[in-house]
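The data block below is coords.txt; it holds compact mmCIF, N, CA and C atoms.
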# COMPACT_ATOMS: atom_id res chain seq x y z
N GLN M 1 14.55 -5.15 13.27
CA GLN M 1 14.81 -4.04 14.17
C GLN M 1 14.08 -2.78 13.71
N GLY M 2 14.06 -2.49 12.40
CA GLY M 2 13.42 -1.29 11.89
C GLY M 2 11.97 -1.15 12.29
N PRO M 3 11.13 -2.19 12.04
CA PRO M 3 9.72 -2.07 12.42
C PRO M 3 9.51 -1.89 13.92
N LYS M 4 10.34 -2.53 14.75
CA LYS M 4 10.20 -2.39 16.20
C LYS M 4 10.51 -0.96 16.62
N ASN M 5 11.59 -0.39 16.06
CA ASN M 5 11.94 1.00 16.37
C ASN M 5 10.84 1.95 15.92
N ARG M 6 10.32 1.73 14.72
CA ARG M 6 9.26 2.59 14.18
C ARG M 6 8.03 2.53 15.08
N LEU M 7 7.64 1.35 15.51
CA LEU M 7 6.48 1.19 16.38
C LEU M 7 6.70 1.88 17.72
N PHE M 8 7.90 1.73 18.27
CA PHE M 8 8.23 2.37 19.55
C PHE M 8 8.11 3.89 19.43
N ILE M 9 8.69 4.45 18.38
CA ILE M 9 8.66 5.90 18.18
C ILE M 9 7.23 6.39 17.95
N LEU M 10 6.48 5.69 17.13
CA LEU M 10 5.10 6.09 16.87
C LEU M 10 4.25 6.06 18.14
N ASN M 11 4.41 5.02 18.93
CA ASN M 11 3.67 4.95 20.19
C ASN M 11 4.02 6.10 21.12
N LYS M 12 5.31 6.44 21.22
CA LYS M 12 5.74 7.56 22.06
C LYS M 12 5.13 8.87 21.57
N LEU M 13 5.12 9.09 20.26
CA LEU M 13 4.55 10.32 19.71
C LEU M 13 3.04 10.39 19.93
N LEU M 14 2.35 9.27 19.75
CA LEU M 14 0.90 9.25 19.98
C LEU M 14 0.56 9.58 21.43
N ILE M 15 1.30 9.00 22.35
CA ILE M 15 1.05 9.27 23.77
C ILE M 15 1.37 10.73 24.09
N LYS M 16 2.48 11.24 23.54
CA LYS M 16 2.87 12.62 23.80
C LYS M 16 1.80 13.61 23.32
N TYR M 17 1.29 13.40 22.10
CA TYR M 17 0.38 14.38 21.51
C TYR M 17 -1.10 14.09 21.76
N TYR M 18 -1.45 12.85 22.05
CA TYR M 18 -2.86 12.50 22.27
C TYR M 18 -3.14 11.94 23.65
N GLY M 19 -2.10 11.73 24.44
CA GLY M 19 -2.27 11.27 25.80
C GLY M 19 -3.09 10.00 25.90
N ASP M 20 -4.02 9.99 26.85
CA ASP M 20 -4.85 8.81 27.08
C ASP M 20 -5.80 8.54 25.93
N ASN M 21 -6.00 9.50 25.04
CA ASN M 21 -6.93 9.34 23.92
C ASN M 21 -6.25 8.78 22.67
N HIS M 22 -4.98 8.39 22.75
CA HIS M 22 -4.28 7.98 21.55
C HIS M 22 -4.88 6.73 20.90
N ASN M 23 -5.40 5.79 21.70
CA ASN M 23 -6.03 4.60 21.11
C ASN M 23 -7.30 4.98 20.34
N LYS M 24 -8.05 5.93 20.86
CA LYS M 24 -9.24 6.39 20.16
C LYS M 24 -8.85 7.03 18.83
N PHE M 25 -7.79 7.84 18.83
CA PHE M 25 -7.31 8.47 17.61
C PHE M 25 -6.94 7.41 16.57
N VAL M 26 -6.14 6.43 16.98
CA VAL M 26 -5.70 5.38 16.06
C VAL M 26 -6.90 4.61 15.51
N ASN M 27 -7.85 4.26 16.38
CA ASN M 27 -9.01 3.49 15.94
C ASN M 27 -9.89 4.27 14.96
N ASN M 28 -9.91 5.58 15.08
CA ASN M 28 -10.71 6.40 14.17
C ASN M 28 -9.95 6.81 12.91
N PHE M 29 -8.62 6.76 12.95
CA PHE M 29 -7.81 7.19 11.82
C PHE M 29 -7.76 6.15 10.72
N TYR M 30 -7.62 4.89 11.10
CA TYR M 30 -7.47 3.80 10.13
C TYR M 30 -8.81 3.13 9.87
N LEU M 31 -8.93 2.54 8.68
CA LEU M 31 -10.13 1.79 8.35
C LEU M 31 -10.20 0.53 9.20
N SER M 32 -11.39 0.21 9.66
CA SER M 32 -11.59 -1.06 10.36
C SER M 32 -11.88 -2.12 9.30
N LEU M 33 -11.82 -3.37 9.71
CA LEU M 33 -12.17 -4.46 8.79
C LEU M 33 -13.62 -4.30 8.33
N GLU M 34 -14.48 -3.87 9.23
CA GLU M 34 -15.89 -3.62 8.87
C GLU M 34 -15.98 -2.53 7.80
N ASP M 35 -15.20 -1.46 7.94
CA ASP M 35 -15.17 -0.39 6.93
C ASP M 35 -14.72 -0.94 5.58
N ILE M 36 -13.68 -1.74 5.60
CA ILE M 36 -13.12 -2.30 4.37
C ILE M 36 -14.13 -3.20 3.68
N LYS M 37 -14.80 -4.05 4.45
CA LYS M 37 -15.79 -4.95 3.85
C LYS M 37 -16.97 -4.17 3.29
N LYS M 38 -17.35 -3.10 3.96
CA LYS M 38 -18.44 -2.25 3.45
C LYS M 38 -18.02 -1.61 2.12
N MET M 39 -16.78 -1.13 2.07
CA MET M 39 -16.27 -0.55 0.83
C MET M 39 -16.23 -1.59 -0.28
N LYS M 40 -15.80 -2.81 0.05
CA LYS M 40 -15.75 -3.88 -0.94
C LYS M 40 -17.15 -4.17 -1.48
N ASP M 41 -18.14 -4.21 -0.58
CA ASP M 41 -19.53 -4.44 -1.01
C ASP M 41 -20.02 -3.35 -1.95
N LEU M 42 -19.47 -2.14 -1.79
CA LEU M 42 -19.85 -1.01 -2.64
C LEU M 42 -19.04 -0.95 -3.93
N GLY M 43 -18.13 -1.92 -4.14
CA GLY M 43 -17.38 -2.00 -5.39
C GLY M 43 -15.91 -1.63 -5.33
N ALA M 44 -15.40 -1.26 -4.16
CA ALA M 44 -13.98 -0.93 -4.04
C ALA M 44 -13.13 -2.17 -4.25
N LYS M 45 -11.95 -1.98 -4.80
CA LYS M 45 -10.98 -3.06 -5.00
C LYS M 45 -9.77 -2.78 -4.12
N PHE M 46 -9.20 -3.83 -3.57
CA PHE M 46 -8.06 -3.69 -2.67
C PHE M 46 -6.88 -4.48 -3.21
N GLY M 47 -5.70 -3.96 -2.94
CA GLY M 47 -4.47 -4.63 -3.32
C GLY M 47 -3.55 -4.68 -2.12
N SER M 48 -2.33 -5.12 -2.37
CA SER M 48 -1.35 -5.28 -1.31
C SER M 48 -0.36 -4.12 -1.29
N HIS M 49 0.16 -3.87 -0.11
CA HIS M 49 1.22 -2.89 0.10
C HIS M 49 2.34 -3.56 0.89
N THR M 50 2.39 -4.88 0.82
CA THR M 50 3.30 -5.80 1.53
C THR M 50 2.89 -5.97 2.98
N SER M 51 3.53 -6.87 3.67
CA SER M 51 3.15 -7.18 5.05
C SER M 51 3.58 -6.12 6.04
N SER M 52 4.80 -5.59 5.89
CA SER M 52 5.29 -4.67 6.91
C SER M 52 5.75 -3.32 6.37
N HIS M 53 5.42 -3.03 5.11
CA HIS M 53 5.68 -1.71 4.52
C HIS M 53 7.15 -1.34 4.56
N MET M 54 8.02 -2.29 4.26
CA MET M 54 9.47 -2.05 4.21
C MET M 54 9.87 -1.69 2.78
N HIS M 55 11.00 -1.00 2.63
CA HIS M 55 11.58 -0.74 1.32
C HIS M 55 11.99 -2.10 0.73
N LEU M 56 11.33 -2.55 -0.31
CA LEU M 56 11.64 -3.87 -0.86
C LEU M 56 13.06 -3.95 -1.39
N SER M 57 13.55 -2.87 -1.97
CA SER M 57 14.89 -2.91 -2.57
C SER M 57 16.00 -3.14 -1.54
N TYR M 58 15.70 -2.97 -0.26
CA TYR M 58 16.70 -3.20 0.79
C TYR M 58 16.66 -4.64 1.32
N LEU M 59 15.67 -5.41 0.90
CA LEU M 59 15.48 -6.76 1.44
C LEU M 59 16.05 -7.81 0.51
N SER M 60 16.37 -8.96 1.08
CA SER M 60 16.81 -10.09 0.27
C SER M 60 15.65 -10.56 -0.60
N LYS M 61 15.97 -11.31 -1.62
CA LYS M 61 14.93 -11.82 -2.52
C LYS M 61 13.94 -12.69 -1.73
N LYS M 62 14.46 -13.50 -0.83
CA LYS M 62 13.61 -14.37 -0.02
C LYS M 62 12.65 -13.54 0.84
N LYS M 63 13.17 -12.50 1.48
CA LYS M 63 12.34 -11.66 2.35
C LYS M 63 11.32 -10.87 1.52
N GLN M 64 11.71 -10.42 0.34
CA GLN M 64 10.76 -9.74 -0.54
C GLN M 64 9.59 -10.66 -0.89
N ARG M 65 9.93 -11.89 -1.26
CA ARG M 65 8.90 -12.88 -1.61
C ARG M 65 7.92 -13.07 -0.45
N GLU M 66 8.45 -13.21 0.77
CA GLU M 66 7.60 -13.37 1.95
C GLU M 66 6.70 -12.16 2.15
N GLU M 67 7.27 -10.96 2.06
CA GLU M 67 6.51 -9.72 2.24
C GLU M 67 5.34 -9.64 1.26
N ILE M 68 5.60 -9.99 0.02
CA ILE M 68 4.57 -9.90 -1.02
C ILE M 68 3.51 -10.97 -0.84
N PHE M 69 3.92 -12.23 -0.79
CA PHE M 69 2.95 -13.32 -0.77
C PHE M 69 2.21 -13.43 0.56
N ASP M 70 2.89 -13.17 1.67
CA ASP M 70 2.20 -13.20 2.96
C ASP M 70 1.10 -12.14 3.01
N SER M 71 1.36 -10.99 2.40
CA SER M 71 0.36 -9.92 2.43
C SER M 71 -0.90 -10.31 1.64
N PHE M 72 -0.72 -10.94 0.49
CA PHE M 72 -1.89 -11.37 -0.28
C PHE M 72 -2.65 -12.48 0.45
N GLU M 73 -1.91 -13.41 1.06
CA GLU M 73 -2.57 -14.47 1.83
C GLU M 73 -3.37 -13.89 2.99
N TYR M 74 -2.82 -12.87 3.64
CA TYR M 74 -3.52 -12.23 4.75
C TYR M 74 -4.80 -11.56 4.27
N LEU M 75 -4.73 -10.84 3.17
CA LEU M 75 -5.93 -10.18 2.62
C LEU M 75 -6.99 -11.21 2.23
N GLU M 76 -6.55 -12.34 1.68
CA GLU M 76 -7.50 -13.41 1.35
C GLU M 76 -8.11 -14.01 2.62
N SER M 77 -7.31 -14.19 3.66
CA SER M 77 -7.83 -14.77 4.91
C SER M 77 -8.88 -13.88 5.55
N LEU M 78 -8.80 -12.57 5.32
CA LEU M 78 -9.79 -11.63 5.85
C LEU M 78 -10.98 -11.44 4.91
N ASN M 79 -10.94 -12.11 3.76
CA ASN M 79 -11.96 -11.97 2.71
C ASN M 79 -12.02 -10.55 2.16
N VAL M 80 -10.89 -9.86 2.17
CA VAL M 80 -10.80 -8.53 1.56
C VAL M 80 -10.60 -8.68 0.06
N ILE M 81 -9.85 -9.70 -0.33
CA ILE M 81 -9.74 -10.07 -1.74
C ILE M 81 -10.03 -11.56 -1.84
N SER M 82 -10.44 -11.98 -3.02
CA SER M 82 -10.69 -13.40 -3.23
C SER M 82 -9.64 -13.96 -4.18
N LYS M 83 -9.60 -15.25 -4.30
CA LYS M 83 -8.64 -15.89 -5.19
C LYS M 83 -8.82 -15.45 -6.63
N ASP M 84 -10.06 -15.06 -7.01
CA ASP M 84 -10.36 -14.66 -8.38
C ASP M 84 -10.10 -13.18 -8.67
N ASP M 85 -9.86 -12.37 -7.64
CA ASP M 85 -9.61 -10.94 -7.84
C ASP M 85 -8.25 -10.71 -8.48
N LEU M 86 -8.13 -9.60 -9.21
CA LEU M 86 -6.83 -9.19 -9.70
C LEU M 86 -5.92 -8.97 -8.49
N LYS M 87 -4.68 -9.39 -8.60
CA LYS M 87 -3.70 -9.18 -7.53
C LYS M 87 -2.84 -7.98 -7.93
N ILE M 88 -2.98 -6.91 -7.17
CA ILE M 88 -2.28 -5.66 -7.46
C ILE M 88 -1.42 -5.28 -6.26
N LEU M 89 -0.18 -4.94 -6.53
CA LEU M 89 0.78 -4.56 -5.50
C LEU M 89 1.16 -3.11 -5.71
N SER M 90 1.20 -2.35 -4.62
CA SER M 90 1.72 -0.99 -4.64
C SER M 90 3.00 -1.01 -3.81
N TYR M 91 4.12 -0.69 -4.46
CA TYR M 91 5.41 -0.76 -3.77
C TYR M 91 5.49 0.26 -2.63
N PRO M 92 5.79 -0.20 -1.42
CA PRO M 92 6.00 0.77 -0.33
C PRO M 92 7.14 1.73 -0.71
N TYR M 93 6.88 3.01 -0.59
CA TYR M 93 7.86 4.05 -0.92
C TYR M 93 8.29 4.00 -2.38
N GLY M 94 7.59 3.25 -3.21
CA GLY M 94 7.99 3.10 -4.62
C GLY M 94 9.23 2.25 -4.79
N SER M 95 9.64 1.54 -3.75
CA SER M 95 10.91 0.82 -3.71
C SER M 95 10.78 -0.60 -4.25
N TYR M 96 11.55 -0.88 -5.30
CA TYR M 96 11.63 -2.23 -5.86
C TYR M 96 12.96 -2.34 -6.60
N ASN M 97 13.34 -3.56 -6.97
CA ASN M 97 14.57 -3.76 -7.73
C ASN M 97 14.38 -4.95 -8.67
N ASN M 98 15.45 -5.40 -9.31
CA ASN M 98 15.35 -6.51 -10.26
C ASN M 98 14.87 -7.79 -9.58
N ASN M 99 15.24 -8.01 -8.31
CA ASN M 99 14.75 -9.18 -7.59
C ASN M 99 13.23 -9.13 -7.47
N THR M 100 12.71 -7.94 -7.14
CA THR M 100 11.27 -7.78 -7.00
C THR M 100 10.58 -8.12 -8.32
N LEU M 101 11.09 -7.57 -9.41
CA LEU M 101 10.49 -7.81 -10.73
C LEU M 101 10.54 -9.28 -11.10
N SER M 102 11.64 -9.94 -10.77
CA SER M 102 11.78 -11.37 -11.04
C SER M 102 10.74 -12.18 -10.25
N ILE M 103 10.55 -11.83 -9.00
CA ILE M 103 9.55 -12.51 -8.16
C ILE M 103 8.17 -12.35 -8.79
N LEU M 104 7.83 -11.13 -9.17
CA LEU M 104 6.50 -10.85 -9.71
C LEU M 104 6.28 -11.51 -11.06
N GLU M 105 7.30 -11.54 -11.89
CA GLU M 105 7.17 -12.15 -13.22
C GLU M 105 6.91 -13.65 -13.13
N ASN M 106 7.28 -14.26 -12.02
CA ASN M 106 7.07 -15.69 -11.82
C ASN M 106 6.01 -15.93 -10.74
N SER M 107 4.99 -15.07 -10.70
CA SER M 107 4.00 -15.16 -9.65
C SER M 107 2.59 -15.01 -10.21
N TYR M 108 1.64 -15.03 -9.30
CA TYR M 108 0.23 -14.81 -9.67
C TYR M 108 -0.18 -13.35 -9.54
N VAL M 109 0.78 -12.47 -9.21
CA VAL M 109 0.47 -11.05 -9.10
C VAL M 109 0.27 -10.49 -10.50
N ASP M 110 -0.84 -9.77 -10.70
CA ASP M 110 -1.19 -9.29 -12.03
C ASP M 110 -0.53 -7.96 -12.39
N PHE M 111 -0.48 -7.03 -11.44
CA PHE M 111 0.07 -5.69 -11.70
C PHE M 111 0.77 -5.18 -10.46
N ALA M 112 1.70 -4.25 -10.68
CA ALA M 112 2.33 -3.52 -9.57
C ALA M 112 2.49 -2.07 -10.01
N VAL M 113 2.26 -1.17 -9.04
CA VAL M 113 2.34 0.25 -9.35
C VAL M 113 3.48 0.90 -8.56
N THR M 114 4.11 1.86 -9.23
CA THR M 114 5.21 2.62 -8.64
C THR M 114 4.65 3.90 -8.03
N CYS M 115 5.52 4.79 -7.62
CA CYS M 115 5.11 6.11 -7.11
C CYS M 115 5.19 7.18 -8.19
N GLU M 116 5.49 6.77 -9.42
CA GLU M 116 5.56 7.76 -10.50
C GLU M 116 4.16 8.33 -10.72
N ALA M 117 4.01 9.62 -10.46
CA ALA M 117 2.70 10.26 -10.51
C ALA M 117 2.38 10.73 -11.92
N LYS M 118 1.67 9.88 -12.65
CA LYS M 118 1.18 10.24 -13.98
C LYS M 118 0.19 9.18 -14.42
N GLU M 119 -0.49 9.48 -15.50
CA GLU M 119 -1.46 8.54 -16.04
C GLU M 119 -0.72 7.35 -16.66
N ALA M 120 -1.18 6.16 -16.36
CA ALA M 120 -0.62 4.96 -16.97
C ALA M 120 -1.38 4.71 -18.28
N THR M 121 -0.66 4.72 -19.39
CA THR M 121 -1.28 4.46 -20.68
C THR M 121 -0.66 3.22 -21.30
N LEU M 122 -1.39 2.58 -22.18
CA LEU M 122 -0.89 1.36 -22.80
C LEU M 122 0.41 1.58 -23.56
N LYS M 123 0.56 2.75 -24.21
CA LYS M 123 1.79 2.99 -24.98
C LYS M 123 3.02 3.17 -24.09
N ASP M 124 2.81 3.53 -22.81
CA ASP M 124 3.92 3.74 -21.89
C ASP M 124 4.29 2.49 -21.10
N ILE M 125 3.52 1.44 -21.23
CA ILE M 125 3.73 0.27 -20.39
C ILE M 125 4.91 -0.56 -20.91
N ASN M 126 5.97 -0.60 -20.10
CA ASN M 126 7.11 -1.48 -20.38
C ASN M 126 6.89 -2.81 -19.69
N SER M 127 6.25 -2.77 -18.56
CA SER M 127 6.00 -3.97 -17.77
C SER M 127 4.75 -3.75 -16.93
N GLU M 128 4.00 -4.80 -16.71
CA GLU M 128 2.81 -4.70 -15.86
C GLU M 128 3.20 -4.54 -14.38
N TYR M 129 4.51 -4.55 -14.11
CA TYR M 129 4.98 -4.42 -12.73
C TYR M 129 5.69 -3.09 -12.46
N THR M 130 5.63 -2.16 -13.41
CA THR M 130 6.23 -0.83 -13.22
C THR M 130 5.26 0.25 -13.70
N LEU M 131 3.99 0.10 -13.37
CA LEU M 131 2.98 1.04 -13.82
C LEU M 131 3.01 2.34 -13.01
N ALA M 132 2.85 3.45 -13.70
CA ALA M 132 2.67 4.73 -13.02
C ALA M 132 1.26 4.76 -12.45
N ARG M 133 0.98 5.71 -11.58
CA ARG M 133 -0.36 5.81 -11.01
C ARG M 133 -0.57 7.20 -10.43
N TRP M 134 -1.82 7.53 -10.23
CA TRP M 134 -2.16 8.74 -9.48
C TRP M 134 -2.38 8.35 -8.05
N ASN M 135 -1.69 8.98 -7.15
CA ASN M 135 -1.88 8.81 -5.73
C ASN M 135 -2.99 9.77 -5.31
N THR M 136 -3.78 9.40 -4.34
CA THR M 136 -4.85 10.31 -3.91
C THR M 136 -4.29 11.66 -3.49
N ASN M 137 -3.08 11.70 -2.97
CA ASN M 137 -2.46 12.98 -2.59
C ASN M 137 -2.16 13.86 -3.80
N ASP M 138 -1.97 13.24 -4.97
CA ASP M 138 -1.68 14.01 -6.17
C ASP M 138 -2.91 14.74 -6.69
N TRP M 139 -4.06 14.42 -6.20
CA TRP M 139 -5.30 15.02 -6.67
C TRP M 139 -5.70 16.25 -5.89
N TRP M 140 -5.00 16.57 -4.82
CA TRP M 140 -5.41 17.67 -3.96
C TRP M 140 -5.05 19.00 -4.60
N ASP M 141 -6.04 19.86 -4.75
CA ASP M 141 -5.83 21.19 -5.31
C ASP M 141 -5.81 22.19 -4.16
N LYS M 142 -4.65 22.82 -3.94
CA LYS M 142 -4.49 23.75 -2.81
C LYS M 142 -5.37 24.99 -2.98
N ASN M 143 -5.56 25.45 -4.21
CA ASN M 143 -6.37 26.65 -4.43
C ASN M 143 -7.83 26.41 -4.11
N TYR M 144 -8.35 25.27 -4.56
CA TYR M 144 -9.76 24.95 -4.34
C TYR M 144 -10.01 24.20 -3.04
N LYS M 145 -8.91 23.73 -2.41
CA LYS M 145 -8.98 22.98 -1.16
C LYS M 145 -9.91 21.76 -1.27
N LYS M 146 -9.75 21.05 -2.37
CA LYS M 146 -10.52 19.82 -2.59
C LYS M 146 -9.79 18.97 -3.63
N PRO M 147 -10.13 17.69 -3.69
CA PRO M 147 -9.49 16.85 -4.71
C PRO M 147 -10.02 17.18 -6.11
N ILE M 148 -9.10 17.25 -7.06
CA ILE M 148 -9.42 17.53 -8.44
C ILE M 148 -8.76 16.44 -9.29
N SER M 149 -9.47 15.90 -10.26
CA SER M 149 -8.89 14.89 -11.14
C SER M 149 -7.71 15.48 -11.90
N PRO M 150 -6.58 14.79 -11.91
CA PRO M 150 -5.39 15.32 -12.59
C PRO M 150 -5.47 15.17 -14.11
N ILE M 151 -6.46 14.50 -14.60
CA ILE M 151 -6.57 14.25 -16.05
C ILE M 151 -7.44 15.30 -16.69

Just dump the structure as structure tokens.
Amino acid sequence: QGPKNRLFILNKLLIKYYGDNHNKFVNNFYLSLEDIKKMKDLGAKFGSHTSSHMHLSYLSKKKQREEIFDSFEYLESLNVISKDDLKILSYPYGSYNNNTLSILENSYVDFAVTCEAKEATLKDINSEYTLARWNTNDWWDKNYKKPISPI
């Protein structure tokens, strides 16, 4: 029900604010598969953010497993990642729980990152599935009006 409601609301807002041009806005806002493949050819690496971007901690263990593994299978089917690439998961909304960690510990997923905004260092690593990270939004400097490295 949640994803259907979210899609309904988003569509209504897009039509309200962009009218007949809302499809053009959406198509220009998000990366196309062609854009992604071009970025991959230039050396970019891609990971998963799950299939439907739900809070994992609210889902059953079975549903969490589906969200995680289906997303990696989908990325592989599009040739965005290969079987030999590192498998990296970014938790939607930073949401995970002990079930999530259990799933990952018994999986082929190599790393998972939280929403904790800081440098991930080897001395701080308790688990390869609870890594801190810098979000691109954390790099924005309001004074200079451009991204600045936080390190």

Excluding Glu105 in chain M and residues on its chain fewer than 5 positions from it, collect all residues at most 8 Å away from it, counting all atoms listed in the file, and give them as JSON, numbers by chain. {"M": [99, 100, 129]}

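With CA of Val109 in chain M on one side and CA of Phe69 in chain M on the other, the separation reads 9.0 Å.
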
Ile36 in chain M environment, 8 Å, only N, CA and C atoms, sequence neighbours closer than 5 positions dropped, as an MDAnalysis selection string: chainID M and resid 31 41:42 79:80

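Residues lying at most 6 Å from (-3.4, -4.9, 2.7) in file coordinates, with only N, CA and C atoms considered, are M:Gly47, M:Ser48, M:His49, M:Leu75.
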
Would you save the residues from that selection as a CSV table (one decimal), keeping the file's coordinate frame, using N, CA and C atoms?
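File selection22.csv, as written:
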chain,number,residue,atom,x,y,z
M,47,GLY,N,-5.7,-4.0,-2.9
M,47,GLY,CA,-4.5,-4.6,-3.3
M,47,GLY,C,-3.6,-4.7,-2.1
M,48,SER,N,-2.3,-5.1,-2.4
M,48,SER,CA,-1.4,-5.3,-1.3
M,48,SER,C,-0.4,-4.1,-1.3
M,49,HIS,N,0.2,-3.9,-0.1
M,49,HIS,CA,1.2,-2.9,0.1
M,49,HIS,C,2.3,-3.6,0.9
M,75,LEU,N,-4.7,-10.8,3.2
M,75,LEU,CA,-5.9,-10.2,2.6
M,75,LEU,C,-7.0,-11.2,2.2

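As for atom N of Leu59 in chain M and CA of Phe46 in chain M, they are spaced 24.1 Å apart.
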
Which is closest to Ile103 in chain M among M:Ser60, M:Asp141, M:Ile9, M:Arg65, if we use all atoms listed in the file? M:Arg65

Report as a VMD selection string: the residues of range 33-151 of chain M with a DSSP assignment of helix (DSSP H, G or I), based on the backbone of this structure. chain M and resid 33 to 41 56 to 58 61 to 77 92 to 94 98 to 105 122 to 124 136 to 139
